[in-house]
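Undergrad: Handing over final31.txt, compact mmCIF, C-alpha atoms.
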```txt
# COMPACT_ATOMS: atom_id res chain seq x y z
CA MET A 1 -20.40 72.18 46.93
CA THR A 2 -23.87 71.19 48.04
CA ALA A 3 -25.73 68.53 46.15
CA SER A 4 -28.28 70.90 44.65
CA THR A 5 -25.66 73.41 43.42
CA LYS A 6 -23.77 70.57 41.83
CA GLU A 7 -26.93 69.39 40.15
CA GLN A 8 -27.75 72.90 38.91
CA ARG A 9 -24.25 73.43 37.54
CA PHE A 10 -24.37 70.04 35.88
CA GLN A 11 -27.76 70.82 34.35
CA ALA A 12 -26.43 74.11 33.02
CA MET A 13 -22.98 73.06 31.82
CA VAL A 14 -23.25 69.47 30.66
CA LEU A 15 -26.82 68.56 29.79
CA PRO A 16 -27.07 71.12 26.94
CA HIS A 17 -24.37 69.20 25.06
CA LEU A 18 -26.43 66.06 24.70
CA ASN A 19 -26.67 66.39 20.93
CA SER A 20 -22.91 66.71 20.56
CA ALA A 21 -22.39 63.76 22.86
CA PHE A 22 -24.87 61.64 20.96
CA ASN A 23 -23.57 62.65 17.56
CA LEU A 24 -20.00 61.69 18.48
CA ALA A 25 -21.13 58.43 20.10
CA ARG A 26 -23.28 57.59 17.09
CA TRP A 27 -20.36 58.06 14.71
CA LEU A 28 -18.00 56.10 16.96
CA THR A 29 -20.31 53.15 17.65
CA ARG A 30 -22.04 53.27 14.24
CA SER A 31 -25.22 52.16 15.95
CA GLN A 32 -28.13 54.06 17.44
CA PRO A 33 -28.80 51.81 20.48
CA ASP A 34 -25.10 51.46 21.29
CA ALA A 35 -24.69 55.23 21.04
CA GLU A 36 -27.54 55.70 23.51
CA ASP A 37 -25.91 53.27 25.95
CA VAL A 38 -22.52 54.97 25.63
CA VAL A 39 -24.00 58.45 26.10
CA GLN A 40 -25.98 57.41 29.15
CA GLU A 41 -22.94 55.79 30.72
CA ALA A 42 -20.85 58.86 29.84
CA TYR A 43 -23.36 61.14 31.57
CA LEU A 44 -23.27 59.00 34.70
CA ARG A 45 -19.48 59.18 34.67
CA ALA A 46 -19.57 62.91 33.97
CA PHE A 47 -21.83 63.46 36.93
CA LYS A 48 -19.59 61.37 39.14
CA PHE A 49 -16.48 63.33 38.17
CA PHE A 50 -18.18 66.70 37.86
CA ASP A 51 -16.62 67.95 41.10
CA SER A 52 -13.20 67.68 39.52
CA PHE A 53 -14.23 69.72 36.46
CA HIS A 54 -13.23 73.36 36.83
CA GLY A 55 -12.85 74.37 33.20
CA GLU A 56 -15.04 76.48 30.97
CA ASP A 57 -15.42 74.14 28.04
CA GLY A 58 -18.15 71.78 29.19
CA ARG A 59 -18.65 70.39 25.72
CA ALA A 60 -15.02 69.35 25.15
CA TRP A 61 -14.89 67.91 28.66
CA LEU A 62 -18.04 65.88 28.05
CA LEU A 63 -16.89 64.69 24.63
CA GLY A 64 -13.66 63.45 26.21
CA ILE A 65 -15.73 61.36 28.61
CA VAL A 66 -17.94 60.11 25.78
CA ARG A 67 -14.84 59.06 23.90
CA ASN A 68 -13.33 57.26 26.91
CA THR A 69 -16.63 55.54 27.61
CA PHE A 70 -16.76 54.44 24.01
CA TYR A 71 -13.28 52.90 24.17
CA THR A 72 -14.15 51.03 27.38
CA TRP A 73 -17.31 49.77 25.72
CA TYR A 74 -15.38 48.90 22.57
CA GLN A 75 -12.85 46.83 24.55
CA GLN A 76 -15.67 44.99 26.31
CA ASN A 77 -17.41 44.26 23.02
CA LYS A 78 -14.46 42.97 21.04
CA THR A 79 -16.45 40.06 19.63
CA GLN A 80 -19.18 42.44 18.60
CA ALA A 81 -16.59 44.70 17.04
CA GLN A 82 -15.35 41.82 14.96
CA SER A 83 -18.83 41.17 13.66
CA THR A 84 -19.12 44.81 12.64
CA LEU A 85 -16.09 44.28 10.45
CA PHE A 86 -18.23 41.89 8.48
CA GLU A 87 -20.95 44.45 8.54
CA GLU A 88 -18.54 46.92 7.02
CA GLU A 89 -18.06 44.67 4.04
CA LEU A 90 -21.80 44.28 3.80
CA HIS A 91 -22.12 48.04 3.95
CA SER A 92 -19.87 48.56 0.99
CA ILE A 93 -21.72 45.91 -1.00
CA LYS A 94 -25.02 47.45 -0.04
CA SER A 95 -23.85 50.91 -0.98
CA ASP A 96 -22.73 49.64 -4.36
CA ASN A 97 -26.09 47.99 -4.88
CA TYR A 98 -27.78 51.10 -3.74
CA ALA A 99 -25.80 53.28 -6.09
CA THR A 100 -26.57 50.98 -9.01
CA ALA A 101 -30.23 50.91 -8.17
CA GLN A 102 -30.15 54.67 -7.88
CA SER A 103 -28.64 55.27 -11.31
CA ALA A 104 -31.06 52.79 -12.90
CA ASP A 105 -33.92 54.54 -11.17
CA ASN A 106 -33.45 57.56 -13.43
CA ASN A 107 -35.25 59.93 -11.09
CA PRO A 108 -32.80 62.72 -10.36
CA GLU A 109 -34.73 64.69 -7.79
CA SER A 110 -32.40 66.84 -5.77
CA LEU A 111 -33.71 65.55 -2.48
CA LEU A 112 -32.94 61.99 -3.47
CA ILE A 113 -29.49 62.98 -4.60
CA GLN A 114 -28.90 64.71 -1.31
CA LYS A 115 -30.06 61.60 0.59
CA ASP A 116 -27.85 59.49 -1.60
CA SER A 117 -24.81 61.67 -0.94
CA GLN A 118 -25.49 61.53 2.76
CA ARG A 119 -25.74 57.77 2.63
CA GLN A 120 -22.55 57.46 0.62
CA MET A 121 -20.80 59.77 3.05
CA GLN A 122 -22.02 57.75 6.00
CA HIS A 123 -20.76 54.49 4.50
CA ALA A 124 -17.43 56.07 3.59
CA LEU A 125 -16.87 57.70 6.97
CA GLU A 126 -18.00 54.63 8.88
CA SER A 127 -15.57 52.45 6.98
CA LEU A 128 -12.59 54.53 8.12
CA SER A 129 -10.73 53.28 11.17
CA VAL A 130 -11.91 54.84 14.40
CA GLU A 131 -8.78 56.90 15.00
CA PHE A 132 -9.37 58.79 11.75
CA ARG A 133 -13.14 58.83 12.09
CA GLU A 134 -13.07 60.48 15.49
CA VAL A 135 -10.88 63.44 14.47
CA MET A 136 -12.91 63.97 11.31
CA VAL A 137 -16.24 63.98 13.11
CA MET A 138 -14.91 66.31 15.79
CA ARG A 139 -13.52 68.68 13.16
CA GLU A 140 -16.03 68.60 10.29
CA VAL A 141 -19.27 67.79 12.08
CA GLU A 142 -18.69 69.23 15.53
CA TYR A 143 -16.51 72.13 14.30
CA LEU A 144 -14.04 71.77 17.14
CA SER A 145 -10.63 73.45 16.94
CA TYR A 146 -7.40 71.47 16.63
CA LYS A 147 -6.60 72.49 20.19
CA GLN A 148 -9.91 71.15 21.53
CA ILE A 149 -9.52 67.90 19.61
CA ALA A 150 -5.95 67.48 20.84
CA GLY A 151 -7.19 67.97 24.40
CA ILE A 152 -10.06 65.51 24.05
CA ILE A 153 -7.97 62.73 22.53
CA GLY A 154 -4.78 63.52 24.42
CA ILE A 155 -2.50 63.83 21.38
CA PRO A 156 -0.34 66.70 20.08
CA ILE A 157 -1.95 69.25 17.73
CA GLY A 158 0.42 68.09 14.96
CA THR A 159 -1.05 64.59 15.22
CA VAL A 160 -4.57 66.00 14.91
CA MET A 161 -3.44 67.69 11.70
CA SER A 162 -1.81 64.60 10.21
CA ARG A 163 -4.74 62.32 11.10
CA LEU A 164 -7.17 64.77 9.53
CA GLY A 165 -5.02 64.97 6.42
CA ARG A 166 -4.71 61.20 6.02
CA GLY A 167 -8.35 60.62 6.92
CA ARG A 168 -9.55 63.07 4.28
CA LYS A 169 -7.36 61.42 1.65
CA GLN A 170 -8.75 57.98 2.50
CA LEU A 171 -12.26 59.36 2.46
CA ALA A 172 -11.74 60.93 -0.96
CA GLU A 173 -10.49 57.60 -2.32
CA ILE A 174 -13.46 55.67 -0.93
CA LEU A 175 -15.93 58.22 -2.29
CA SER A 176 -14.38 58.27 -5.75
CA SER A 177 -14.32 54.45 -5.97
CA THR A 178 -17.99 54.34 -4.93
CA ASN A 179 -18.83 56.84 -7.65
CA ARG A 180 -16.81 54.94 -10.25
CA ASP A 181 -18.69 51.73 -9.43
CA ALA A 182 -21.98 53.54 -9.80
CA MET B 1 10.58 75.15 4.65
CA ASP B 2 10.84 72.39 2.09
CA HIS B 3 8.15 70.66 0.06
CA ASN B 4 7.72 67.74 2.50
CA GLU B 5 7.13 70.07 5.41
CA ILE B 6 4.69 72.19 3.43
CA ILE B 7 2.59 69.26 2.25
CA GLU B 8 2.22 68.15 5.89
CA LEU B 9 0.79 71.54 6.77
CA LEU B 10 -1.92 71.57 4.10
CA PRO B 11 -4.72 70.09 6.28
CA ALA B 12 -4.19 72.86 8.83
CA TYR B 13 -3.94 75.41 6.00
CA VAL B 14 -7.42 74.37 4.81
CA ASP B 15 -8.73 74.62 8.36
CA GLN B 16 -7.09 78.02 8.90
CA GLU B 17 -5.28 76.62 11.88
CA LEU B 18 -1.81 77.81 10.85
CA GLY B 19 0.05 80.77 12.26
CA ILE B 20 0.81 83.74 10.00
CA SER B 21 4.37 82.78 9.12
CA ASP B 22 3.40 79.20 8.21
CA THR B 23 0.45 80.47 6.15
CA ILE B 24 2.75 82.77 4.18
CA ALA B 25 5.24 79.94 3.64
CA VAL B 26 2.47 77.69 2.28
CA ASP B 27 1.13 80.50 0.05
CA ASN B 28 4.58 81.06 -1.45
CA HIS B 29 5.18 77.37 -2.06
CA LEU B 30 1.77 76.67 -3.65
CA GLY B 31 2.48 78.98 -6.57
CA SER B 32 5.38 76.81 -7.71
CA CYS B 33 4.26 73.29 -6.73
CA SER B 34 1.53 71.47 -8.63
CA GLU B 35 1.66 68.43 -6.33
CA CYS B 36 0.82 70.60 -3.34
CA ARG B 37 -1.93 72.39 -5.28
CA HIS B 38 -3.46 69.01 -6.09
CA GLU B 39 -3.15 67.85 -2.48
CA LEU B 40 -4.74 71.09 -1.33
CA GLU B 41 -7.71 70.45 -3.63
CA VAL B 42 -8.14 66.92 -2.24
CA GLN B 43 -8.13 68.27 1.32
CA LYS B 44 -10.48 71.14 0.52
CA SER B 45 -12.93 69.02 -1.39
CA ALA B 46 -13.04 66.17 1.17
CA SER B 47 -13.54 68.71 3.95
CA ALA B 48 -16.32 70.51 2.05
CA GLN B 49 -18.10 67.25 1.21
CA LEU B 50 -17.92 66.13 4.83
CA LYS B 51 -19.35 69.42 6.07
CA LYS B 52 -22.11 69.21 3.50
CA ASN B 53 -23.05 65.53 3.62
CA ALA B 54 -22.04 64.10 6.98
CA ILE B 55 -25.21 63.65 9.01
CA TYR B 56 -25.49 65.35 12.37
CA PHE B 57 -27.16 62.72 14.53
CA GLU B 58 -29.34 64.47 17.06
CA ALA B 59 -30.09 62.79 20.35
CA PRO B 60 -33.54 61.16 20.39
CA ALA B 61 -35.99 62.76 22.79
CA HIS B 62 -36.28 59.72 25.02
CA LEU B 63 -32.54 59.79 25.73
CA VAL B 64 -32.92 62.93 27.85
CA ARG B 65 -35.47 61.17 30.02
CA ARG B 66 -33.34 58.05 30.23
CA ILE B 67 -30.39 60.07 31.46
CA GLN B 68 -32.46 62.08 33.92
CA VAL B 69 -33.77 58.83 35.37
CA ALA B 70 -30.33 57.26 35.55
CA LEU B 71 -28.63 60.24 37.18
CA PRO B 72 -28.37 59.86 40.93
CA ARG B 73 -31.30 61.69 42.50
CA ASN B 74 -30.86 60.96 46.14
CA ARG B 75 -27.44 62.33 46.69
CA SER B 76 -27.33 62.35 50.49
CA GLN B 77 -25.21 59.21 50.65
CA HIS B 78 -22.91 60.34 47.86
CA SER B 79 -22.16 63.69 49.39
CA SER B 80 -21.46 62.18 52.78
CA PHE B 81 -18.92 59.87 51.22
CA LYS B 82 -17.29 62.85 49.57
CA GLY B 83 -17.40 64.67 52.89
CA TRP B 84 -15.47 61.80 54.35
CA ASN B 85 -12.71 62.45 51.86
CA PHE B 86 -12.30 66.14 52.36
CA SER B 87 -13.91 67.56 55.40
CA TRP B 88 -12.05 66.36 58.44
CA LEU B 89 -13.18 69.53 60.19
CA ASN B 90 -16.67 68.18 60.11
CA ALA B 91 -15.54 65.02 61.85
CA GLY B 92 -18.57 64.81 64.10
CA ALA B 93 -21.06 64.71 61.27
CA VAL B 94 -18.84 62.38 59.30
CA MET B 95 -18.58 59.99 62.22
CA ALA B 96 -22.34 60.03 62.66
CA THR B 97 -22.83 59.29 58.96
CA LEU B 98 -20.23 56.56 59.00
CA LEU B 99 -21.81 54.97 62.06
CA ALA B 100 -25.19 55.01 60.36
CA VAL B 101 -23.78 53.48 57.20
CA VAL B 102 -21.74 50.87 59.08
CA TRP B 103 -24.75 50.03 61.21
CA SER B 104 -26.98 49.52 58.20
CA GLY B 105 -24.18 47.69 56.41
CA SER B 106 -23.28 45.49 59.35
CA LEU B 107 -25.95 42.99 58.31
CA TYR B 108 -23.78 42.39 55.28
CA LEU B 109 -20.32 40.97 55.50
CA SER B 110 -19.14 43.18 52.65
CA LEU B 111 -17.91 46.74 53.14
CA PRO B 112 -20.51 49.48 52.73
CA SER B 113 -18.60 50.98 49.81
CA ALA B 114 -18.59 47.65 47.99
CA ARG B 115 -22.30 47.35 48.62
CA GLU B 116 -22.80 50.88 47.41
CA ARG B 117 -21.02 50.06 44.20
CA LEU B 118 -23.04 46.89 43.79
CA THR B 119 -26.27 48.80 44.30
CA GLU B 120 -25.22 51.32 41.67
CA GLU B 121 -24.30 48.49 39.31
CA LEU B 122 -27.67 46.86 39.90
CA VAL B 123 -29.55 50.07 39.23
CA SER B 124 -27.67 50.82 36.04
CA SER B 125 -28.03 47.23 34.89
CA HIS B 126 -31.75 47.47 35.55
CA VAL B 127 -32.01 50.77 33.67
CA ARG B 128 -30.12 49.31 30.72
CA SER B 129 -32.40 46.31 30.66
CA LEU B 130 -35.45 48.54 30.33
CA GLN B 131 -34.49 49.49 26.82
CA VAL B 132 -36.31 47.73 24.06
CA GLU B 133 -34.93 44.27 23.36
CA HIS B 134 -32.45 44.40 26.20
CA LEU B 135 -34.68 42.83 28.81
CA SER B 136 -34.48 39.13 27.97
CA ASP B 137 -32.09 36.88 26.12
CA VAL B 138 -34.51 33.99 26.39
CA ILE B 139 -38.15 34.90 26.17
CA SER B 140 -40.46 32.36 27.69
CA THR B 141 -43.18 32.12 30.26
CA ASP B 142 -42.21 28.52 30.88
CA LYS B 143 -39.78 27.86 33.72
CA HIS B 144 -38.83 24.59 32.01
CA THR B 145 -37.54 26.62 29.08
CA VAL B 146 -35.85 29.33 31.09
CA LYS B 147 -34.01 27.11 33.56
CA PRO B 148 -32.22 24.89 31.01
CA TRP B 149 -31.31 27.98 29.01
CA PHE B 150 -28.84 28.90 31.76
CA ASN B 151 -27.14 25.49 31.52
CA GLY B 152 -23.57 25.81 30.36
CA LYS B 153 -23.76 29.60 30.58
CA LEU B 154 -23.23 29.75 34.32
CA ASN B 155 -21.40 27.64 36.88
CA PHE B 156 -24.51 27.43 39.03
CA SER B 157 -28.15 26.68 38.43
CA PRO B 158 -30.55 29.42 39.48
CA PRO B 159 -33.88 28.33 40.93
CA VAL B 160 -36.64 29.33 38.50
CA VAL B 161 -40.24 29.60 39.61
CA ASP B 162 -43.22 31.02 37.80
CA LEU B 163 -45.53 33.26 39.77
CA ALA B 164 -48.16 33.89 37.09
CA ALA B 165 -50.93 32.68 39.36
CA GLN B 166 -49.86 35.24 41.96
CA GLY B 167 -49.83 38.08 39.42
CA PHE B 168 -46.12 38.02 38.62
CA PRO B 169 -45.73 36.10 35.35
CA LEU B 170 -42.22 35.03 34.39
CA VAL B 171 -41.39 36.57 31.01
CA GLY B 172 -37.82 35.47 30.43
CA GLY B 173 -34.23 35.39 31.56
CA ARG B 174 -30.85 36.73 30.62
CA LEU B 175 -27.22 36.79 31.64
CA ASP B 176 -25.72 39.87 33.17
CA TYR B 177 -22.38 40.86 34.59
CA LEU B 178 -22.31 42.22 38.11
CA ASP B 179 -19.80 42.55 40.91
CA GLY B 180 -17.12 41.00 38.72
CA ARG B 181 -19.04 37.86 37.80
CA SER B 182 -21.77 36.49 35.54
CA VAL B 183 -25.17 36.37 37.16
CA ALA B 184 -28.56 35.00 36.22
CA VAL B 185 -31.43 37.41 35.77
CA LEU B 186 -35.03 36.31 35.78
CA VAL B 187 -37.50 38.79 34.39
CA TYR B 188 -40.98 39.00 35.82
CA ARG B 189 -43.79 41.39 35.12
CA HIS B 190 -46.46 42.92 37.25
CA ASN B 191 -49.01 45.18 35.54
CA GLN B 192 -46.54 45.93 32.72
CA HIS B 193 -43.78 46.82 35.19
CA PRO B 194 -40.74 44.62 34.73
CA ILE B 195 -39.02 43.15 37.75
CA ASN B 196 -35.44 42.03 37.39
CA LEU B 197 -34.44 39.28 39.80
CA TYR B 198 -30.65 38.90 39.98
CA ILE B 199 -29.35 35.61 41.31
CA TRP B 200 -25.84 34.38 42.03
CA PRO B 201 -24.23 32.16 44.63
CA GLY B 202 -23.33 33.84 47.88
CA THR B 203 -22.73 33.00 51.48
CA ASP B 204 -23.59 36.34 53.08
CA SER B 205 -26.14 35.99 55.83
CA VAL B 206 -29.08 38.21 55.01
CA ALA B 207 -32.02 36.24 56.28
CA THR B 208 -34.52 39.09 56.33
CA PRO B 209 -34.95 40.96 53.04
CA GLN B 210 -33.39 44.43 53.00
CA THR B 211 -35.20 47.18 51.11
CA GLN B 212 -33.51 50.19 49.51
CA ASN B 213 -34.66 52.99 47.26
CA ARG B 214 -32.42 54.41 44.58
CA GLN B 215 -33.22 56.81 41.72
CA GLY B 216 -36.88 55.96 41.93
CA PHE B 217 -36.25 52.22 41.86
CA HIS B 218 -36.79 49.85 44.72
CA LEU B 219 -34.34 47.11 45.52
CA ILE B 220 -34.76 44.18 47.85
CA HIS B 221 -31.84 41.99 48.80
CA TRP B 222 -31.83 38.68 50.62
CA VAL B 223 -29.82 35.48 50.74
CA THR B 224 -31.29 32.04 50.95
CA GLY B 225 -30.18 28.53 50.07
CA GLY B 226 -26.65 29.73 49.30
CA MET B 227 -27.88 32.22 46.68
CA ASN B 228 -27.79 36.02 46.61
CA TYR B 229 -31.04 37.55 45.46
CA TRP B 230 -31.65 41.12 44.36
CA ALA B 231 -35.06 42.14 43.13
CA ILE B 232 -35.31 45.56 41.48
CA SER B 233 -38.23 47.37 39.92
CA GLU B 234 -39.99 50.69 39.72
CA LEU B 235 -42.93 48.97 41.46
CA ALA B 236 -43.97 50.40 44.80
CA THR B 237 -42.07 48.98 47.74
CA ASN B 238 -45.05 47.07 49.16
CA GLU B 239 -45.75 45.39 45.82
CA LEU B 240 -42.12 44.41 45.44
CA GLU B 241 -42.11 43.10 49.01
CA PHE B 242 -45.19 41.07 48.16
CA PHE B 243 -43.36 39.66 45.14
CA VAL B 244 -40.40 38.70 47.31
CA SER B 245 -42.54 37.02 49.97
CA THR B 246 -44.52 35.15 47.30
CA LEU B 247 -41.27 34.00 45.74
CA GLY B 248 -40.04 32.85 49.14
CA SER B 249 -43.14 30.80 49.76
CA GLN B 250 -42.96 29.13 46.33
CA SER B 251 -39.31 28.21 46.12
```
What is this file in structure tokens?
TA:
Amino acid sequence: MTASTKEQRFQAMVLPHLNSAFNLARWLTRSQPDAEDVVQEAYLRAFKFFDSFHGEDGRAWLLGIVRNTFYTWYQQNKTQAQSTLFEEELHSIKSDNYATAQSADNNPESLLIQKDSQRQMQHALESLSVEFREVMVMREVEYLSYKQIAGIIGIPIGTVMSRLGRGRKQLAEILSSTNRDA
Amino acid sequence: MDHNEIIELLPAYVDQELGISDTIAVDNHLGSCSECRHELEVQKSASAQLKKNAIYFEAPAHLVRRIQVALPRNRSQHSSFKGWNFSWLNAGAVMATLLAVVWSGSLYLSLPSARERLTEELVSSHVRSLQVEHLSDVISTDKHTVKPWFNGKLNFSPPVVDLAAQGFPLVGGRLDYLDGRSVAVLVYRHNQHPINLYIWPGTDSVATPQTQNRQGFHLIHWVTGGMNYWAISELATNELEFFVSTLGSQS
């Protein structure tokens, strides 16, 4: 394959999935700048290994690379990861405060409620462990099939199902406790 | 199928990922099992809330540009390395390429492929550093602040000179990780263009600075006083060469 054909194929098959790549990286890293770093690194890797990609599903292939890049990054930033655990606790405190402030505010405009639900959802989903978070984002936000998710993570389809099931239950518990506190 | 098997299948039932026979089995069981009906509601409701309220984070516009810049542009060297792997038939061309690479790499004691990797590492490190707030760990235009900052962070002491008078003010320093070790990076500026100067101990003999271009960046490598130096910037080659010669005359 000549260099220019490779570049054209890459432009056509991989670049269009930038939003998916960023969305997944953003949910995995829980940080905008880290997500940008991970996505950029993933694209460099994707380009490097593009010759070995012969499939049709460019998006799933790319998301697999984004995920691997994330885990490499995550291993290298263990200390940082520990500090985000603290952040998680802060998050939950903040969300409680936020919810209290919101109910005291007494201004039930639907837009605000929508923003509030999004924020609550973000806190809840971000507080789940990454192995649950990744399947849930791939399924509910990226609308990938169980088969695609199984391929990306490298686990059996049955494991995708059980992680989704347990993740949703945990999410429901977190959301209902947040609402109770409010 | 018993209750325990059915309840395991409920997530996939909600997602319509079950085959027909499993779907029918779940349907039949649900009518007589309140625990499973409750579990089904939990799954359905959590899934619906996620779909409704989970934010889809779209990539910021500048990320496309960042990636385009970081992707290898000049692929002639890459493809010849790949050619070396696969196309023995083209041995003549491969030999010519190899000779050229070995010849240009012979000034270095390291293998060309190791140097290639290092160059790629340098370029991606430089690109990363260009993001907001990634450039400097210590921000100072004073070499007496920057130099001690490296104390205890590295097992060597990088020479720090300020070239403000020559049009290359020192703006800070940071630590980076390259070629399997921690290195010092001094950050200079010239007309708003940052220059990253990577420094670490080395015994290679590269007396005359070597210039390379990669992805629109210019790199100059030299070794002096037992230190490896790599300067990288988007500045034009002649300006970067001027920076390097000024640095050489000051240190």
Undergrad: Return the neighbours of chain B among the residues of chain A, cut-off 7 Å, counting only C-alpha atoms, as a list in words.
TA: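 Therefore, the residues near the partner are Ala3, Leu18, Asn19, Phe22, Asn23, Arg26, Glu36, Gln40, Leu44, Ser117, Gln118, Met121, Gln122, Glu140, Val141, Met161, Ser162, Leu164, Gly165, Arg168, Lys169, Leu171 and Ala172 of chain A.
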Undergrad: Please, what is the axis-aligned box for every listed atom of segment 111-130 of chain A with 8 Å on each side, as centre and edge lengths in Å to one decimal, as AutoDock Vina command-line options?
TA:
```
--center_x -22.2 --center_y 59.0 --center_z 4.9 --size_x 39.0 --size_y 29.1 --size_z 35.0
```
Undergrad: Identify which of the residues B:Phe243, B:Phe156, B:Tyr188, B:Trp222 lies closest to Asp142 of chain B, counting all atoms listed in the file when measuring atom-to-atom distances.
TA: B:Tyr188
Undergrad: What's the separation between atom CA of Gly172 of chain B and atom CA of Ser140 of chain B, in Å to one decimal place?
TA: 4.9 Å
Undergrad: Which residue gives the smallest distance to Trp61 of chain A among A:Gln120, A:Ser177, A:Ser20, A:Gln170, with all atoms listed in the file counted?
TA: A:Ser20
Undergrad: Of the candidates B:Gly248, B:Pro158, B:Gly167, B:Gly216, which shows the shortest atom-to-atom distance to Val69 of chain B, using only C-alpha atoms?
TA: B:Gly216
Undergrad: How far is it from atom CA of His193 of chain B to atom CA of Leu240 of chain B, in Å with one decimal?
TA: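 It comes out at 10.7 Å.
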Undergrad: Just to confirm, what's the straight-line distance from atom CA of Leu18 of chain B to atom CA of Ile174 of chain A in Å (one decimal)?
TA: 27.7 Å
Undergrad: Quick one: residues within 10 Å of Lys153 of chain B, all atoms listed in the file counted, chain neighbours fewer than 2 positions away excluded, as a PyMOL selection string?
TA: chain B and resi 148-151+155-157+175+182-184
